[in-house]
Amino acid sequence: MEKLQLLAMIQAYTSIGIGLMIGVGAAGACIGVGVMCSRFLEAAARQPELTNSLQAKVFLLLGLIDASFIIGVGLAMMFAFANPLLAVIPK
Amino acid sequence: MAAGTYNSPSDYIQHHLTFFSRPVGEGAFWTLHVDTLVMGVIAGVAGIGFLWWVVRGATAGVPNRRQAFVELAFEFITSQAKSIFHHGDLNRFVAPTALAVFVWVMLMNALDFLPVDIMAWALGLVGLHEWRLVPTADVNTTFALALSVWLIMIYFNIAVKGFGGWLHELTCAPFGVKPLWAAPLLVLFNLLFNFIEYVSKPLSHSLRLFGNMYAGEIIFLLLWLWAAHSTLTGGFLGVLGDVVSLLVSTALGLGWAIFHILIVVLQAFIFMMLTVVYISLAHEHH
């Protein structure tokens, strides 16, 4: 019973951690991408001839901005399915 | 377990995330992920081999469609590399490296399009019960690629600036060493700054690609689990609940699959662009 309680506690806090990782990461990534894309739209409206070259850069920067968020999601998935924090409880 | 049946959702996900590994020595470090290696070699041979085969039969006259396609890819890579690399002849090393990296990484990523359950059933018929299809969803592959680019970057740093020049840059850029009374402190700051830069480049380079492929695969598995379990809504709204659950999960799965096509190509493109950017930065003098 004691072990079940300890397991439940670890899993509960891990789930909260996973939610925060994905949620706050997504907020940061989306705000960043939003700022960048708004500037792109502004630039495309000012100088339409640059749209194509700027578009390639937009996609590149999209991947760079998303990087930390996706790394966070990968880590969160690792905690969801192969939680190393559970190893502290002896079998 | 029998093919196609699993004890629980976690069991299904765990099974699809287990590598086919063989130890070649003591401990976890000396364990080879044979499936990653084999699929990586298959993707590389297929991609680079196709390019070699087309180039072998290339004509200077009117090209056929295969040659036109390869020329298109070549033109795309060269134009991207030319917009970044301004330090000499990019056809000697930078453009071929960029082409090889782009083709190989994109093919490795594209192995994610194979439906995992059908492939698991087919591979189970030949006795391979655990086989991961996507090499770039293994952190070892992406780190191997990123560390290779890192070593290339260090090589070009030393080749262009000389070993002494490189050390000078490590200790004196970007803050400089004036005023001279603070020189030791400034050297320390410069070293720390450069150290962080040299560590963060391969880390972010590799983990970006790994995270995108790995997280993409897990989201696929979760969506398919949801679709497969849509009859287990627990009686909420009865049959209507089941139908809605099935429709929503299938629609989301389709949406994610289409989005993932973009991610596959985009991540290969980003990996290639960053390779060219890092090599170009290594050529820069101050």
# chains A, B, ... in the order shown; residues from 1 in each chain; ligands from 1
>>> interface_residues(of="chain B", to="chain A", cutoff="9 Å", atoms="only C-alpha atoms", output="PyMOL selection string")
chain B and resi 10+13-14+204-205+207-212+214-216+218+263+266-267+269-270+273
>>> write_last_selection(atoms="N, CA and C atoms", output="short mmCIF file (atom, residue, chain, number, x, y, z; two decimals), in the first residue's frame")
data_model
loop_
_atom_site.label_atom_id
_atom_site.label_comp_id
_atom_site.auth_asym_id
_atom_site.auth_seq_id
_atom_site.Cartn_x
_atom_site.Cartn_y
_atom_site.Cartn_z
N SER B 10 -0.04 1.30 -22.83
CA SER B 10 1.38 1.53 -22.59
C SER B 10 2.22 0.44 -23.23
N ILE B 13 2.61 1.17 -26.91
CA ILE B 13 3.58 2.24 -27.19
C ILE B 13 4.99 1.75 -26.90
N GLN B 14 5.16 1.05 -25.77
CA GLN B 14 6.49 0.54 -25.43
C GLN B 14 7.01 -0.39 -26.51
N SER B 204 21.83 21.41 -30.09
CA SER B 204 20.55 21.85 -30.66
C SER B 204 20.37 21.27 -32.05
N HIS B 205 21.46 21.15 -32.81
CA HIS B 205 21.39 20.61 -34.16
C HIS B 205 20.80 19.21 -34.15
N LEU B 207 19.26 17.53 -31.39
CA LEU B 207 18.04 17.29 -30.65
C LEU B 207 16.83 17.86 -31.35
N ARG B 208 17.03 18.89 -32.19
CA ARG B 208 15.88 19.41 -32.94
C ARG B 208 15.33 18.34 -33.86
N LEU B 209 16.23 17.69 -34.64
CA LEU B 209 15.78 16.65 -35.57
C LEU B 209 15.20 15.45 -34.82
N PHE B 210 15.93 15.03 -33.74
CA PHE B 210 15.46 13.89 -32.97
C PHE B 210 14.10 14.16 -32.35
N GLY B 211 13.97 15.34 -31.72
CA GLY B 211 12.71 15.66 -31.05
C GLY B 211 11.54 15.67 -32.00
N ASN B 212 11.74 16.28 -33.19
CA ASN B 212 10.64 16.32 -34.14
C ASN B 212 10.21 14.93 -34.56
N TYR B 214 10.85 11.92 -33.06
CA TYR B 214 10.41 11.09 -31.94
C TYR B 214 9.04 11.52 -31.45
N ALA B 215 8.87 12.83 -31.23
CA ALA B 215 7.57 13.30 -30.75
C ALA B 215 6.49 13.04 -31.80
N GLY B 216 6.84 13.19 -33.08
CA GLY B 216 5.88 12.91 -34.14
C GLY B 216 5.41 11.48 -34.10
N ILE B 218 5.42 9.45 -31.47
CA ILE B 218 4.59 9.19 -30.29
C ILE B 218 3.19 9.74 -30.48
N ILE B 263 6.70 18.48 -41.87
CA ILE B 263 7.78 18.44 -40.87
C ILE B 263 8.96 17.64 -41.38
N LEU B 266 10.77 19.76 -43.90
CA LEU B 266 11.27 20.99 -43.27
C LEU B 266 12.47 20.69 -42.38
N GLN B 267 12.40 19.62 -41.59
CA GLN B 267 13.51 19.32 -40.69
C GLN B 267 14.76 18.92 -41.46
N PHE B 269 15.51 20.08 -44.42
CA PHE B 269 15.97 21.36 -44.97
C PHE B 269 16.70 22.16 -43.90
N ILE B 270 16.12 22.23 -42.68
CA ILE B 270 16.76 22.99 -41.61
C ILE B 270 18.10 22.39 -41.24
N MET B 273 20.52 23.42 -43.93
CA MET B 273 20.87 24.84 -43.86
C MET B 273 21.80 25.12 -42.71
#
>>> select_by_dssp(residues="segment 36-216 of chain B", states="helix (DSSP H, G or I)", output="NGL selection string")
:B and (36-56 or 65-84 or 94-113 or 116-125 or 135-137 or 139-172 or 180-216)
>>> atom_distance(atom1="atom CA of Ala173 of chain B", atom2="atom CA of Leu147 of chain B")
23.3 Å
>>> decode(residues="segment 172-224 of chain B", atoms="C-alpha atoms", output="PDB file, in the first residue's frame")
ATOM      1  CA  CYS B 172      39.864  36.986 -27.570  1.00  0.00           C
ATOM      2  CA  ALA B 173      36.494  36.982 -29.294  1.00  0.00           C
ATOM      3  CA  PRO B 174      33.930  38.441 -28.841  1.00  0.00           C
ATOM      4  CA  PHE B 175      34.814  40.690 -25.939  1.00  0.00           C
ATOM      5  CA  GLY B 176      38.448  41.415 -26.808  1.00  0.00           C
ATOM      6  CA  VAL B 177      41.221  41.734 -24.217  1.00  0.00           C
ATOM      7  CA  LYS B 178      41.347  45.502 -23.626  1.00  0.00           C
ATOM      8  CA  PRO B 179      41.678  46.979 -20.985  1.00  0.00           C
ATOM      9  CA  LEU B 180      44.808  44.932 -20.349  1.00  0.00           C
ATOM     10  CA  TRP B 181      44.519  44.948 -16.570  1.00  0.00           C
ATOM     11  CA  ALA B 182      41.346  42.878 -16.904  1.00  0.00           C
ATOM     12  CA  ALA B 183      42.837  40.539 -19.527  1.00  0.00           C
ATOM     13  CA  PRO B 184      42.672  37.275 -17.533  1.00  0.00           C
ATOM     14  CA  LEU B 185      39.037  37.884 -16.623  1.00  0.00           C
ATOM     15  CA  LEU B 186      38.148  38.790 -20.201  1.00  0.00           C
ATOM     16  CA  VAL B 187      39.955  35.719 -21.528  1.00  0.00           C
ATOM     17  CA  LEU B 188      37.880  33.632 -19.117  1.00  0.00           C
ATOM     18  CA  PHE B 189      34.659  35.273 -20.282  1.00  0.00           C
ATOM     19  CA  ASN B 190      35.584  34.760 -23.924  1.00  0.00           C
ATOM     20  CA  LEU B 191      36.419  31.110 -23.306  1.00  0.00           C
ATOM     21  CA  LEU B 192      33.144  30.560 -21.482  1.00  0.00           C
ATOM     22  CA  PHE B 193      31.174  32.271 -24.220  1.00  0.00           C
ATOM     23  CA  ASN B 194      32.846  30.246 -26.940  1.00  0.00           C
ATOM     24  CA  PHE B 195      32.548  27.044 -24.906  1.00  0.00           C
ATOM     25  CA  ILE B 196      28.794  27.511 -24.577  1.00  0.00           C
ATOM     26  CA  GLU B 197      28.551  28.226 -28.299  1.00  0.00           C
ATOM     27  CA  TYR B 198      30.582  25.125 -29.215  1.00  0.00           C
ATOM     28  CA  VAL B 199      28.504  22.917 -26.917  1.00  0.00           C
ATOM     29  CA  SER B 200      25.098  24.277 -27.816  1.00  0.00           C
ATOM     30  CA  LYS B 201      25.552  23.977 -31.589  1.00  0.00           C
ATOM     31  CA  PRO B 202      25.745  20.178 -31.924  1.00  0.00           C
ATOM     32  CA  LEU B 203      23.239  19.720 -29.074  1.00  0.00           C
ATOM     33  CA  SER B 204      20.553  21.850 -30.662  1.00  0.00           C
ATOM     34  CA  HIS B 205      21.394  20.608 -34.160  1.00  0.00           C
ATOM     35  CA  SER B 206      20.825  16.987 -33.211  1.00  0.00           C
ATOM     36  CA  LEU B 207      18.041  17.290 -30.650  1.00  0.00           C
ATOM     37  CA  ARG B 208      15.884  19.413 -32.939  1.00  0.00           C
ATOM     38  CA  LEU B 209      15.785  16.653 -35.571  1.00  0.00           C
ATOM     39  CA  PHE B 210      15.456  13.886 -32.969  1.00  0.00           C
ATOM     40  CA  GLY B 211      12.713  15.658 -31.046  1.00  0.00           C
ATOM     41  CA  ASN B 212      10.637  16.320 -34.143  1.00  0.00           C
ATOM     42  CA  MET B 213      10.799  12.713 -35.366  1.00  0.00           C
ATOM     43  CA  TYR B 214      10.411  11.090 -31.940  1.00  0.00           C
ATOM     44  CA  ALA B 215       7.567  13.303 -30.754  1.00  0.00           C
ATOM     45  CA  GLY B 216       5.878  12.907 -34.142  1.00  0.00           C
ATOM     46  CA  GLU B 217       6.014   9.146 -33.828  1.00  0.00           C
ATOM     47  CA  ILE B 218       4.592   9.188 -30.291  1.00  0.00           C
ATOM     48  CA  ILE B 219       1.746  11.480 -31.306  1.00  0.00           C
ATOM     49  CA  PHE B 220       0.964   9.105 -34.187  1.00  0.00           C
ATOM     50  CA  LEU B 221       0.862   6.163 -31.770  1.00  0.00           C
ATOM     51  CA  LEU B 222      -1.375   8.045 -29.331  1.00  0.00           C
ATOM     52  CA  LEU B 223      -3.804   9.089 -32.066  1.00  0.00           C
ATOM     53  CA  TRP B 224      -3.991   5.547 -33.441  1.00  0.00           C
TER      54      TRP B 224
END
